[in-house]
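Asker: One structure, pasted below without further comment.
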Amino acid sequence: MLNCFRPGGFCCTTCGAVALVAVVGCGGASVTSSHQIDEGVSWDLAQVRAATLSDIRYAYRLTVPRQRDTPIRGTLAVGFEWADDEGRDLVLDFKDAAQRVSAVSANGAAVAWRVVDDHLIVPAAALDARGRNEVAVEFIAGDDALNRGDAFLYTLFVPDRAHFSLPLFDQPNLKARFSVTLEVPADWVAVANGEALDAGPLSPRAPGVTIYQFAPTEPIPTYLFAFAVGDFQMATAERDGRTFRMFHRETDADKVARNRDAIFDLHAAALAWLEDYTQIAYPFGKFDFVLLPPFQYGGMEHPGAIFYRESSLFLDESATQGQYLGRASLIAHETAHMWFGDLVTMNWFDDVWTKEVFANFMAAKIVHPSFPEVDHGLRFFLEHHDRAYDVDRTAGANPIRQPLENLRAAGALYGPIIYQKAPIVMRHLERLLGEEPFRDGLREYLDTFRYGNATWPDLIRILDTRSDLDLAAWSAAWVDEPGRPLVDVMVEVSADRRTTVTVSQTDPDGLGRLWPQQLELLLAYDDEDVRIPVSLSAASVAVDGGIARGRPRFVLPNAAGVEYGRFRLDDRSRNALLTELPGLRDSLIRGIGWATLWDGVLDGEIEPEVWFGRLLAGLAAETVEQNTQRLLEYVRITYWRLFDDQVRRVATDGVEDALWSGVLHSASPTLKAAYFHTWRSVVWSDAGIERLRRLWAGDEQILGLSLAETDFIALAEGLAVRGVADAEDILDRQCARIENPDRQARFDFVRPSLAESPQTREAFFGQLADPGGREREPWVVAALGYLHHPSRAAHARRFIRPSLEMVEEIQRTGDIFFVSDWLDATLGGHSSPEAAKIVRGFLDGLSPDFPPRLRAKILQSADLLLRSAGRQPLAVRPR
């Protein structure tokens, strides 16, 4: 044990709350006169540490007990070069250090350490101001970012949560080498970033324990340090001379065998593509990945140990084409991060989008060879535009690049703008420069900053040397500003039948902003389509439509599928597209057309009932599965979010029949699955619910579509949430059927949200107020979806305001997507004026101190509710 002492004879391990109170009483007291310490990692603190610390090497040893409620004890030895002539104290980050730290030494001698907020302070007097230092800490690890289950544990430290569990310098531009030694139960396995070593002379501190020792990593940021331990199975494969290891907990051997080769093949293909594109060999040695049942995200790009949500890679037999494509894109995305984010890391989280944009941008390219039958131009459009528009059309729209004063707010930066809009913007940039100059610029960027940090302006400066354009000005419009242009097209036909098209853009917010971009106009005539390139670099551009043809049937200003904006159609074009879209030959134009009309529906230009009828006609005629899946999504959203109960009752039989016909008559299993999933989600008629029951009971099968355990769980939950009389019996029987322990645990957690008893549902919601009740975030989101199912929306309105009031606390305690997922699940089942009134009342009553980014998140999630409710009169609330 290291000695521990404090002035006045108090030791932090013995003074407990007294020591904490004494420290906290100082508030944000200065460590020296020139440096202020605040909660979280501020930009000020980060700059000082980046200037004074270098060559950081962490060595952790952690003892992980089998019991999840037993503390994890650990030691840290961190070595670093220190260059500080101002006599500043050393600031390590560690949440609740006063309760968790038992001893600290510097260069072999015990020190009088202290705590300010979530920082552990080592006095300057204990350090060599110019040279190599080592600080050692004995501590109890915090569980906040150690996701502990009964049979496994995994870390998740992005964006600034590493110090929630471990002492370290928790900022992205202090890249370091990490080594870790893990003592775990003898029947568990462990995986970490580095190569596993022979533990050598290390001996366990208790019987029944195995020691895993991992080699130091290449320099990586703290948010990428990772390890997982537990009851995992391991599968190994070799591809192109490289060994891949997959750790998983799936107990269905057939499912593993069915997916295994494709998973390894997709990883190998992504690696080969990226090595060729970047001309840099895979930079992190081994390649392991861990599949985790309750993982918060689709994946996380820890070098040497990628983590995935298990269901994202192990697909059921009833998977859709979208799920197969999604798996390939996810694997490509996480693999691309090995270069974009891991090899070269953003300097600060205001540029977190730079790693995400390149991961998504590259993933769109990487999946092409694996799916030669897919229209990848259409796929790019469908994967990116709608989701980006879902944010950019709202009052909560945010720019791609956002300022960030403190890392504790970094989680609020994530969302569709950086994942979906930014890749579109990057496509614009690639088109401006040309594919080869763009690629060569990225190669220079990766080579220049390898194993280091870079900013977006660093990349722009490199690309600027390959272009005559003012890329900084272009970036200011597209990267630093929120929203999208409103693009209008006016068609004039002269007496000699010549067509002039005027394309104009305006700023919807009235700020006079312009978004320069390349458009492709499509003028649809009876004999052929005419396509005209347009450089929209001004407020208005006039284009000669070519030879005398008269007025086209319609004009589509975004026909290339990469343009970005609110493309407002004239009445003639809108009506023609509504009529003609199902029969148009070009699948990309159909996809673009439906998305453009959806904007018109949301802006009140098209009645939802008219739109819904055309969607069903489009489904009947559509021949491309990607478009079918998007139309099915529009059907589901329109049915539940834009119709009131009366309209929904009228539409129910027709939509159920159309969807079930798709289930029966689709040629491919993936398309049958897409129809089936949508049908299952909208069933409301007595006949439909009875069919749900027969499918769940096994009394009816679907020719050509095999249902998996997850499908039967979803059918049982669907019956329960629809309030069938024997719901509890169905849930009991389904519970007895489940063979996989992780799916069993998820089912048990979600079940109270399905209860017929309002009191049971209210008690379940009350448990979510405790962060301990929200540990398994995907399960919480699923349960919220059932609590707020449209069939129970009237009762669930009582949960809306308390859910909004919890958002600040959820931001502090949850992972990066949880706030948005929480809000989407809370508001996604509501369309009533009463629900909208609750949201507006909450927003109107917010304090000026309420975080603006969280207010924006609420506005984003509430947008469809506010639009839908605006179509309906406010009813008198029942007493």
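Ordering of the structure tokens sets the chain letters (A, B, ...); residue numbers start at 1 within each chain; ligands are numbered from 1 in the order shown.
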Could you list, with a cut-off of 12 Å and counting only C-alpha atoms, the residues of range 772-818 of chain A near range 290-299 of chain A, each shown with its nearest atom pair and the distance in Å rounded to one decimal, rows sorted by chain and ascending number, as CSV?
Answerer:
residue,atom,partner,partner_atom,distance
A:Arg774,CA,A:Gln296,CA,11.3
A:Glu775,CA,A:Pro294,CA,9.6
A:Arg776,CA,A:Pro294,CA,6.3
A:Glu777,CA,A:Gln296,CA,6.1
A:Pro778,CA,A:Gln296,CA,6.0
A:Trp779,CA,A:Pro294,CA,7.4
A:Val780,CA,A:Pro294,CA,10.4
A:Val781,CA,A:Gln296,CA,10.3
A:Ala782,CA,A:Pro294,CA,11.5
A:Gly814,CA,A:Gln296,CA,9.7
A:Asp815,CA,A:Gln296,CA,7.4
A:Ile816,CA,A:Gln296,CA,8.9
A:Phe817,CA,A:Tyr297,CA,7.8
A:Phe818,CA,A:Gln296,CA,8.1
Asker: Atoms to include: N, CA, C and O atoms. Write the selected residues as a PDB file, in the first residue's frame.
Answerer:
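Contents of the output file selection.pdb:
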ATOM      1  N   ARG A 774     -31.499   2.930 -15.533  1.00  0.00           N
ATOM      2  CA  ARG A 774     -31.314   3.244 -16.956  1.00  0.00           C
ATOM      3  C   ARG A 774     -29.993   2.687 -17.492  1.00  0.00           C
ATOM      4  O   ARG A 774     -29.515   3.121 -18.531  1.00  0.00           O
ATOM      5  N   GLU A 775     -29.400   1.736 -16.787  1.00  0.00           N
ATOM      6  CA  GLU A 775     -28.073   1.255 -17.183  1.00  0.00           C
ATOM      7  C   GLU A 775     -28.079   0.633 -18.571  1.00  0.00           C
ATOM      8  O   GLU A 775     -27.158   0.838 -19.358  1.00  0.00           O
ATOM      9  N   ARG A 776     -29.087  -0.154 -18.896  1.00  0.00           N
ATOM     10  CA  ARG A 776     -29.165  -0.807 -20.201  1.00  0.00           C
ATOM     11  C   ARG A 776     -29.991   0.075 -21.127  1.00  0.00           C
ATOM     12  O   ARG A 776     -31.196  -0.082 -21.269  1.00  0.00           O
ATOM     13  N   GLU A 777     -29.318   1.013 -21.727  1.00  0.00           N
ATOM     14  CA  GLU A 777     -30.021   2.060 -22.467  1.00  0.00           C
ATOM     15  C   GLU A 777     -30.882   1.525 -23.617  1.00  0.00           C
ATOM     16  O   GLU A 777     -32.017   2.000 -23.814  1.00  0.00           O
ATOM     17  N   PRO A 778     -30.421   0.562 -24.435  1.00  0.00           N
ATOM     18  CA  PRO A 778     -31.308   0.041 -25.484  1.00  0.00           C
ATOM     19  C   PRO A 778     -32.587  -0.569 -24.925  1.00  0.00           C
ATOM     20  O   PRO A 778     -33.654  -0.471 -25.549  1.00  0.00           O
ATOM     21  N   TRP A 779     -32.504  -1.202 -23.757  1.00  0.00           N
ATOM     22  CA  TRP A 779     -33.691  -1.771 -23.148  1.00  0.00           C
ATOM     23  C   TRP A 779     -34.635  -0.655 -22.691  1.00  0.00           C
ATOM     24  O   TRP A 779     -35.861  -0.774 -22.831  1.00  0.00           O
ATOM     25  N   VAL A 780     -34.068   0.402 -22.145  1.00  0.00           N
ATOM     26  CA  VAL A 780     -34.887   1.534 -21.701  1.00  0.00           C
ATOM     27  C   VAL A 780     -35.634   2.140 -22.885  1.00  0.00           C
ATOM     28  O   VAL A 780     -36.838   2.440 -22.804  1.00  0.00           O
ATOM     29  N   VAL A 781     -34.948   2.310 -24.006  1.00  0.00           N
ATOM     30  CA  VAL A 781     -35.578   2.895 -25.189  1.00  0.00           C
ATOM     31  C   VAL A 781     -36.713   2.004 -25.682  1.00  0.00           C
ATOM     32  O   VAL A 781     -37.794   2.492 -26.042  1.00  0.00           O
ATOM     33  N   ALA A 782     -36.491   0.689 -25.700  1.00  0.00           N
ATOM     34  CA  ALA A 782     -37.558  -0.228 -26.117  1.00  0.00           C
ATOM     35  C   ALA A 782     -38.763  -0.116 -25.186  1.00  0.00           C
ATOM     36  O   ALA A 782     -39.911  -0.081 -25.639  1.00  0.00           O
ATOM     37  N   GLY A 814     -25.887   9.584 -18.997  1.00  0.00           N
ATOM     38  CA  GLY A 814     -26.077   8.631 -20.074  1.00  0.00           C
ATOM     39  C   GLY A 814     -24.997   8.734 -21.136  1.00  0.00           C
ATOM     40  O   GLY A 814     -24.146   9.621 -21.125  1.00  0.00           O
ATOM     41  N   ASP A 815     -25.070   7.796 -22.082  1.00  0.00           N
ATOM     42  CA  ASP A 815     -24.111   7.803 -23.174  1.00  0.00           C
ATOM     43  C   ASP A 815     -24.587   8.729 -24.289  1.00  0.00           C
ATOM     44  O   ASP A 815     -25.677   9.297 -24.244  1.00  0.00           O
ATOM     45  N   ILE A 816     -23.765   8.860 -25.339  1.00  0.00           N
ATOM     46  CA  ILE A 816     -23.886  10.006 -26.238  1.00  0.00           C
ATOM     47  C   ILE A 816     -25.204  10.078 -27.001  1.00  0.00           C
ATOM     48  O   ILE A 816     -25.669  11.165 -27.296  1.00  0.00           O
ATOM     49  N   PHE A 817     -25.812   8.948 -27.334  1.00  0.00           N
ATOM     50  CA  PHE A 817     -27.058   9.000 -28.095  1.00  0.00           C
ATOM     51  C   PHE A 817     -28.291   8.902 -27.214  1.00  0.00           C
ATOM     52  O   PHE A 817     -29.414   8.944 -27.723  1.00  0.00           O
ATOM     53  N   PHE A 818     -28.091   8.749 -25.908  1.00  0.00           N
ATOM     54  CA  PHE A 818     -29.228   8.400 -25.066  1.00  0.00           C
ATOM     55  C   PHE A 818     -30.236   9.532 -24.944  1.00  0.00           C
ATOM     56  O   PHE A 818     -31.443   9.284 -24.898  1.00  0.00           O
TER      57      PHE A 818
END
Asker: Output as JSON lines one row per residue of range 700-804 of chain A within 12 Å of range 255-273 of chain A: the closest atom pair and its distance in Å to one decimal place, counting only C-alpha atoms, sorted by chain and residue number ascending.
Answerer:
{"residue": "A:Ala708", "atom": "CA", "partner": "A:Lys255", "partner_atom": "CA", "distance": 9.5}
{"residue": "A:Glu709", "atom": "CA", "partner": "A:Lys255", "partner_atom": "CA", "distance": 10.7}
{"residue": "A:Thr710", "atom": "CA", "partner": "A:Lys255", "partner_atom": "CA", "distance": 11.8}
{"residue": "A:Asn740", "atom": "CA", "partner": "A:Lys255", "partner_atom": "CA", "distance": 11.9}
Asker: With N, CA, C and O atoms retained, write the just-selected residues as a PDB file, in the first residue's frame.
Answerer:
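Full text of out39.pdb as output:
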ATOM      1  N   ALA A 708     -37.526 -15.904 -36.219  1.00  0.00           N
ATOM      2  CA  ALA A 708     -36.525 -16.213 -35.205  1.00  0.00           C
ATOM      3  C   ALA A 708     -37.091 -15.941 -33.817  1.00  0.00           C
ATOM      4  O   ALA A 708     -38.195 -15.403 -33.663  1.00  0.00           O
ATOM      5  N   GLU A 709     -36.294 -16.278 -32.799  1.00  0.00           N
ATOM      6  CA  GLU A 709     -36.727 -16.042 -31.424  1.00  0.00           C
ATOM      7  C   GLU A 709     -37.064 -14.569 -31.197  1.00  0.00           C
ATOM      8  O   GLU A 709     -38.055 -14.244 -30.527  1.00  0.00           O
ATOM      9  N   THR A 710     -36.279 -13.675 -31.772  1.00  0.00           N
ATOM     10  CA  THR A 710     -36.553 -12.250 -31.599  1.00  0.00           C
ATOM     11  C   THR A 710     -37.893 -11.859 -32.228  1.00  0.00           C
ATOM     12  O   THR A 710     -38.576 -10.965 -31.725  1.00  0.00           O
ATOM     13  N   ASN A 740     -31.991 -17.792 -24.835  1.00  0.00           N
ATOM     14  CA  ASN A 740     -30.772 -17.006 -24.661  1.00  0.00           C
ATOM     15  C   ASN A 740     -30.875 -16.163 -23.391  1.00  0.00           C
ATOM     16  O   ASN A 740     -31.847 -15.411 -23.221  1.00  0.00           O
TER      17      ASN A 740
END
Asker: Between A:Thr813, A:Thr465, A:Asn406, A:Thr394, which has the minimum distance to Leu602 in chain A (counting only C-alpha atoms)?
Answerer: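 Between A:Thr813, A:Thr465, A:Asn406, A:Thr394, the residue approaching Leu602 in chain A most closely is A:Thr394.
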Asker: Please extract the residues of range 575-721 of chain A with a backbone DSSP assignment of alpha helix (DSSP H) and present them as an mmCIF file with C-alpha atoms, in the first residue's frame.
Answerer:
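Below is the file result-v7.cif, written as the result:
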data_model
loop_
_atom_site.group_PDB
_atom_site.id
_atom_site.type_symbol
_atom_site.label_atom_id
_atom_site.label_comp_id
_atom_site.auth_asym_id
_atom_site.auth_seq_id
_atom_site.Cartn_x
_atom_site.Cartn_y
_atom_site.Cartn_z
ATOM 1 C CA ASN A 575 -49.170 17.156 -58.810
ATOM 2 C CA ALA A 576 -47.393 15.402 -61.678
ATOM 3 C CA LEU A 577 -45.004 13.633 -59.315
ATOM 4 C CA LEU A 578 -47.829 12.525 -57.043
ATOM 5 C CA THR A 579 -49.483 10.958 -60.056
ATOM 6 C CA GLU A 580 -46.474 9.633 -61.944
ATOM 7 C CA SER A 587 -35.257 4.211 -59.365
ATOM 8 C CA LEU A 588 -33.078 7.088 -58.101
ATOM 9 C CA ILE A 589 -35.587 9.654 -59.319
ATOM 10 C CA ARG A 590 -38.362 7.728 -57.595
ATOM 11 C CA GLY A 591 -36.407 7.795 -54.335
ATOM 12 C CA ILE A 592 -35.652 11.505 -54.670
ATOM 13 C CA GLY A 593 -39.229 12.249 -55.661
ATOM 14 C CA TRP A 594 -40.769 10.552 -52.645
ATOM 15 C CA ALA A 595 -38.385 12.344 -50.262
ATOM 16 C CA THR A 596 -39.112 15.703 -51.917
ATOM 17 C CA LEU A 597 -42.867 15.130 -51.640
ATOM 18 C CA TRP A 598 -42.447 14.127 -47.966
ATOM 19 C CA ASP A 599 -41.077 17.608 -47.317
ATOM 20 C CA GLY A 600 -44.257 18.934 -48.928
ATOM 21 C CA VAL A 601 -46.428 16.757 -46.676
ATOM 22 C CA LEU A 602 -44.692 18.028 -43.555
ATOM 23 C CA PRO A 608 -51.630 13.195 -45.449
ATOM 24 C CA GLU A 609 -54.587 11.161 -46.736
ATOM 25 C CA VAL A 610 -53.660 11.957 -50.355
ATOM 26 C CA TRP A 611 -50.027 11.167 -49.653
ATOM 27 C CA PHE A 612 -50.929 7.885 -47.960
ATOM 28 C CA GLY A 613 -52.932 6.725 -50.948
ATOM 29 C CA ARG A 614 -50.037 7.441 -53.276
ATOM 30 C CA LEU A 615 -47.644 5.568 -50.959
ATOM 31 C CA LEU A 616 -49.777 2.433 -51.254
ATOM 32 C CA ALA A 617 -49.862 2.841 -55.030
ATOM 33 C CA GLY A 618 -46.097 3.296 -55.006
ATOM 34 C CA LEU A 619 -45.604 0.127 -52.971
ATOM 35 C CA ALA A 620 -47.695 -1.879 -55.417
ATOM 36 C CA ALA A 621 -45.579 -0.683 -58.352
ATOM 37 C CA GLU A 625 -36.166 -3.074 -52.579
ATOM 38 C CA GLN A 626 -34.412 -0.011 -51.189
ATOM 39 C CA ASN A 627 -37.228 2.239 -52.334
ATOM 40 C CA THR A 628 -39.788 -0.218 -50.987
ATOM 41 C CA GLN A 629 -38.219 -0.105 -47.560
ATOM 42 C CA ARG A 630 -38.305 3.699 -47.532
ATOM 43 C CA LEU A 631 -41.952 3.719 -48.640
ATOM 44 C CA LEU A 632 -42.767 1.265 -45.854
ATOM 45 C CA GLU A 633 -41.137 3.629 -43.373
ATOM 46 C CA TYR A 634 -43.234 6.519 -44.707
ATOM 47 C CA VAL A 635 -46.337 4.327 -44.345
ATOM 48 C CA ARG A 636 -45.573 3.583 -40.718
ATOM 49 C CA ILE A 637 -44.804 7.204 -39.800
ATOM 50 C CA ASP A 645 -57.749 8.056 -34.494
ATOM 51 C CA GLN A 646 -60.702 8.530 -36.805
ATOM 52 C CA VAL A 647 -58.632 8.615 -40.005
ATOM 53 C CA ARG A 648 -56.511 5.731 -38.760
ATOM 54 C CA ARG A 649 -59.583 3.566 -38.200
ATOM 55 C CA VAL A 650 -60.715 4.214 -41.764
ATOM 56 C CA ALA A 651 -57.252 3.424 -43.165
ATOM 57 C CA THR A 652 -56.542 0.320 -41.090
ATOM 58 C CA ASP A 653 -58.083 -2.441 -43.205
ATOM 59 C CA GLY A 654 -56.661 -1.104 -46.463
ATOM 60 C CA VAL A 655 -53.110 -0.688 -45.208
ATOM 61 C CA GLU A 656 -53.058 -4.046 -43.433
ATOM 62 C CA ASP A 657 -54.290 -5.796 -46.590
ATOM 63 C CA ALA A 658 -51.703 -4.026 -48.759
ATOM 64 C CA LEU A 659 -48.852 -4.887 -46.411
ATOM 65 C CA TRP A 660 -49.921 -8.497 -45.934
ATOM 66 C CA SER A 661 -50.147 -8.870 -49.705
ATOM 67 C CA GLY A 662 -46.516 -7.732 -49.816
ATOM 68 C CA VAL A 663 -45.621 -10.366 -47.220
ATOM 69 C CA LEU A 664 -47.234 -13.107 -49.285
ATOM 70 C CA HIS A 665 -46.230 -12.113 -52.781
ATOM 71 C CA PRO A 669 -37.100 -13.295 -48.198
ATOM 72 C CA THR A 670 -35.590 -9.905 -47.353
ATOM 73 C CA LEU A 671 -38.495 -8.067 -48.992
ATOM 74 C CA LYS A 672 -41.010 -10.356 -47.296
ATOM 75 C CA ALA A 673 -39.289 -9.493 -44.027
ATOM 76 C CA ALA A 674 -39.517 -5.754 -44.711
ATOM 77 C CA TYR A 675 -43.252 -5.996 -45.358
ATOM 78 C CA PHE A 676 -43.735 -8.252 -42.352
ATOM 79 C CA HIS A 677 -41.937 -5.913 -39.946
ATOM 80 C CA THR A 678 -44.035 -2.961 -41.112
ATOM 81 C CA TRP A 679 -47.279 -4.951 -41.056
ATOM 82 C CA ARG A 680 -46.492 -6.101 -37.523
ATOM 83 C CA SER A 681 -45.904 -2.510 -36.428
ATOM 84 C CA VAL A 682 -49.204 -1.074 -37.763
ATOM 85 C CA ASP A 686 -59.334 -7.350 -34.871
ATOM 86 C CA ALA A 687 -58.479 -9.601 -37.804
ATOM 87 C CA GLY A 688 -54.897 -8.372 -37.859
ATOM 88 C CA ILE A 689 -54.441 -8.877 -34.130
ATOM 89 C CA GLU A 690 -55.834 -12.391 -34.449
ATOM 90 C CA ARG A 691 -53.254 -13.110 -37.160
ATOM 91 C CA LEU A 692 -50.523 -11.783 -34.846
ATOM 92 C CA ARG A 693 -51.729 -14.317 -32.286
ATOM 93 C CA ARG A 694 -51.720 -17.225 -34.738
ATOM 94 C CA LEU A 695 -48.201 -16.370 -35.919
ATOM 95 C CA TRP A 696 -46.944 -16.134 -32.350
ATOM 96 C CA ALA A 697 -48.582 -19.437 -31.405
ATOM 97 C CA GLU A 709 -36.727 -16.042 -31.424
ATOM 98 C CA THR A 710 -36.553 -12.250 -31.599
ATOM 99 C CA ASP A 711 -39.569 -12.237 -33.938
ATOM 100 C CA PHE A 712 -41.650 -14.299 -31.528
ATOM 101 C CA ILE A 713 -40.640 -12.005 -28.670
ATOM 102 C CA ALA A 714 -41.728 -8.994 -30.748
ATOM 103 C CA LEU A 715 -45.045 -10.687 -31.611
ATOM 104 C CA ALA A 716 -45.746 -11.394 -27.943
ATOM 105 C CA GLU A 717 -44.871 -7.843 -26.959
ATOM 106 C CA GLY A 718 -46.993 -6.508 -29.830
ATOM 107 C CA LEU A 719 -50.009 -8.461 -28.627
ATOM 108 C CA ALA A 720 -49.514 -7.231 -25.065
ATOM 109 C CA VAL A 721 -49.172 -3.574 -25.969
#
Asker: Skipping near chain neighbours, those fewer than 2 positions away, what residues fall within 12 Å of Leu325 in chain A using only C-alpha atoms, listed as JSON, numbers by chain?
Answerer: {"A": [262, 266, 312, 313, 315, 319, 320, 321, 322, 323, 327, 328, 329, 330, 331, 332, 333, 363, 364, 366, 367, 368, 369, 370, 371, 372, 373, 374, 375, 376, 379, 380, 383, 625, 626, 670]}
Asker: Would you write out those residues with C-alpha atoms, as a compact mmCIF listing (two decimals), in the first residue's frame?
Answerer:
# COMPACT_ATOMS: atom_id res chain seq x y z
CA ALA A 262 -20.00 -12.92 -43.80
CA LEU A 266 -16.86 -7.88 -44.54
CA SER A 312 -26.36 -5.63 -35.56
CA LEU A 313 -24.00 -8.38 -36.79
CA LEU A 315 -28.82 -11.23 -38.22
CA ALA A 319 -33.55 -9.90 -41.78
CA THR A 320 -34.32 -7.30 -44.44
CA GLN A 321 -32.06 -6.11 -47.22
CA GLY A 322 -31.66 -2.91 -45.24
CA GLN A 323 -30.32 -4.89 -42.28
CA ARG A 327 -24.39 -4.54 -41.19
CA ALA A 328 -21.95 -4.05 -44.04
CA SER A 329 -22.01 -0.28 -43.58
CA LEU A 330 -21.54 -0.57 -39.83
CA ILE A 331 -18.50 -2.83 -40.22
CA ALA A 332 -17.07 -0.53 -42.89
CA HIS A 333 -17.77 2.51 -40.69
CA ALA A 363 -18.37 3.21 -45.61
CA ALA A 364 -20.62 4.26 -48.48
CA ILE A 366 -16.52 0.37 -49.19
CA VAL A 367 -19.81 -1.56 -49.39
CA HIS A 368 -20.09 -1.20 -53.18
CA PRO A 369 -18.13 -4.36 -54.13
CA SER A 370 -19.96 -6.53 -51.58
CA PHE A 371 -23.38 -5.63 -53.04
CA PRO A 372 -22.93 -5.26 -56.81
CA GLU A 373 -26.66 -5.64 -57.38
CA VAL A 374 -27.51 -2.56 -55.29
CA ASP A 375 -27.92 0.96 -56.71
CA HIS A 376 -25.41 2.69 -54.46
CA ARG A 379 -28.55 3.94 -51.26
CA PHE A 380 -26.43 7.00 -50.42
CA GLU A 383 -29.26 6.60 -46.05
CA GLU A 625 -36.17 -3.07 -52.58
CA GLN A 626 -34.41 -0.01 -51.19
CA THR A 670 -35.59 -9.91 -47.35
Asker: Could you tell me which of A:Val807, A:Lys286, A:Glu238, A:Leu459 comes closest to Lys355 in chain A if we count only C-alpha atoms?
Answerer: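 With only C-alpha atoms as the atom set, the closest residue is A:Leu459.
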Asker: If you count only C-alpha atoms, which residues fall within 9 Å of range 531-543 of chain A, apart from same-chain ones fewer than 4 positions away, as an MDAnalysis selection string?
Answerer: chainID A and resid 499:506 514:524 559
Asker: As a compact mmCIF listing (two decimals) with C-alpha atoms, in the first residue's frame, please: all residues of range 178-405 of chain A that backbone DSSP puts in strand (DSSP E or B).
Answerer:
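What ended up in part-v1.txt:
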# COMPACT_ATOMS: atom_id res chain seq x y z
CA PHE A 178 -2.11 2.17 -22.58
CA SER A 179 -1.24 -1.17 -21.02
CA VAL A 180 -3.58 -3.06 -18.75
CA THR A 181 -3.45 -6.14 -16.57
CA LEU A 182 -6.79 -7.72 -15.69
CA GLU A 183 -7.46 -10.26 -12.95
CA VAL A 184 -10.75 -12.00 -13.76
CA PRO A 185 -12.64 -15.14 -12.70
CA VAL A 189 -11.91 -14.32 -20.89
CA ALA A 190 -10.57 -10.81 -21.46
CA VAL A 191 -9.86 -8.65 -24.50
CA ALA A 192 -8.31 -5.19 -24.74
CA ALA A 196 -2.39 -10.39 -25.01
CA LEU A 197 0.94 -11.30 -23.39
CA VAL A 209 -8.54 -16.05 -10.85
CA THR A 210 -6.84 -15.78 -14.23
CA ILE A 211 -4.51 -12.91 -15.13
CA TYR A 212 -4.53 -11.32 -18.58
CA GLN A 213 -1.74 -8.90 -19.40
CA PHE A 214 -1.95 -6.72 -22.51
CA ILE A 220 -4.54 6.56 -28.73
CA PHE A 227 -11.43 -3.75 -22.45
CA ALA A 228 -14.11 -6.37 -21.98
CA VAL A 229 -14.19 -9.41 -19.71
CA GLY A 230 -16.71 -12.14 -19.16
CA GLN A 233 -17.17 -17.53 -26.80
CA MET A 234 -14.45 -16.85 -29.36
CA ALA A 235 -14.42 -17.52 -33.09
CA THR A 236 -11.27 -17.10 -35.17
CA ALA A 237 -10.73 -16.73 -38.91
CA GLU A 238 -7.87 -15.86 -41.21
CA ARG A 239 -8.36 -13.59 -44.19
CA ARG A 242 -4.52 -11.60 -41.06
CA THR A 243 -6.13 -13.26 -38.04
CA PHE A 244 -9.48 -11.97 -36.86
CA ARG A 245 -11.01 -12.88 -33.50
CA MET A 246 -14.70 -12.46 -32.67
CA PHE A 247 -15.91 -12.61 -29.05
CA HIS A 248 -19.65 -13.12 -28.55
CA PHE A 287 -7.89 -7.07 -35.04
CA ASP A 288 -10.42 -8.31 -32.47
CA PHE A 289 -14.05 -7.40 -32.10
CA VAL A 290 -16.56 -8.04 -29.32
CA LEU A 291 -20.31 -8.52 -29.82
CA LEU A 292 -22.30 -7.26 -26.82
CA GLY A 299 -20.49 -0.07 -32.80
CA MET A 300 -17.51 1.67 -31.22
CA ALA A 305 -11.02 -4.30 -29.93
CA ILE A 306 -14.03 -2.93 -31.80
CA PHE A 307 -17.29 -3.30 -29.84
CA TYR A 308 -20.59 -3.98 -31.63
CA ARG A 309 -24.19 -4.48 -30.62
CA PHE A 340 -10.11 8.42 -39.47
CA VAL A 344 -5.56 10.71 -36.78
CA THR A 345 -7.74 12.05 -33.99
CA MET A 346 -9.55 15.36 -33.76
Asker: Counting only C-alpha atoms, what is within 8 Å of range 407-422 of chain A, bar same-chain residues fewer than 5 positions away, as a PyMOL selection string?
Answerer: chain A and resi 40-43+159-160+171+349-350+353+356-357+360+383-385+387-388+391-392+398-400+402+479+811-812+815-817+819-820+853-854
Asker: Neighbours of Thr217 in chain A within 10 Å (only C-alpha atoms; same-chain residues fewer than 4 positions away dropped), as a PyMOL selection string?
Answerer: chain A and resi 57-58+176-180+192-195+225+284-285+303-304
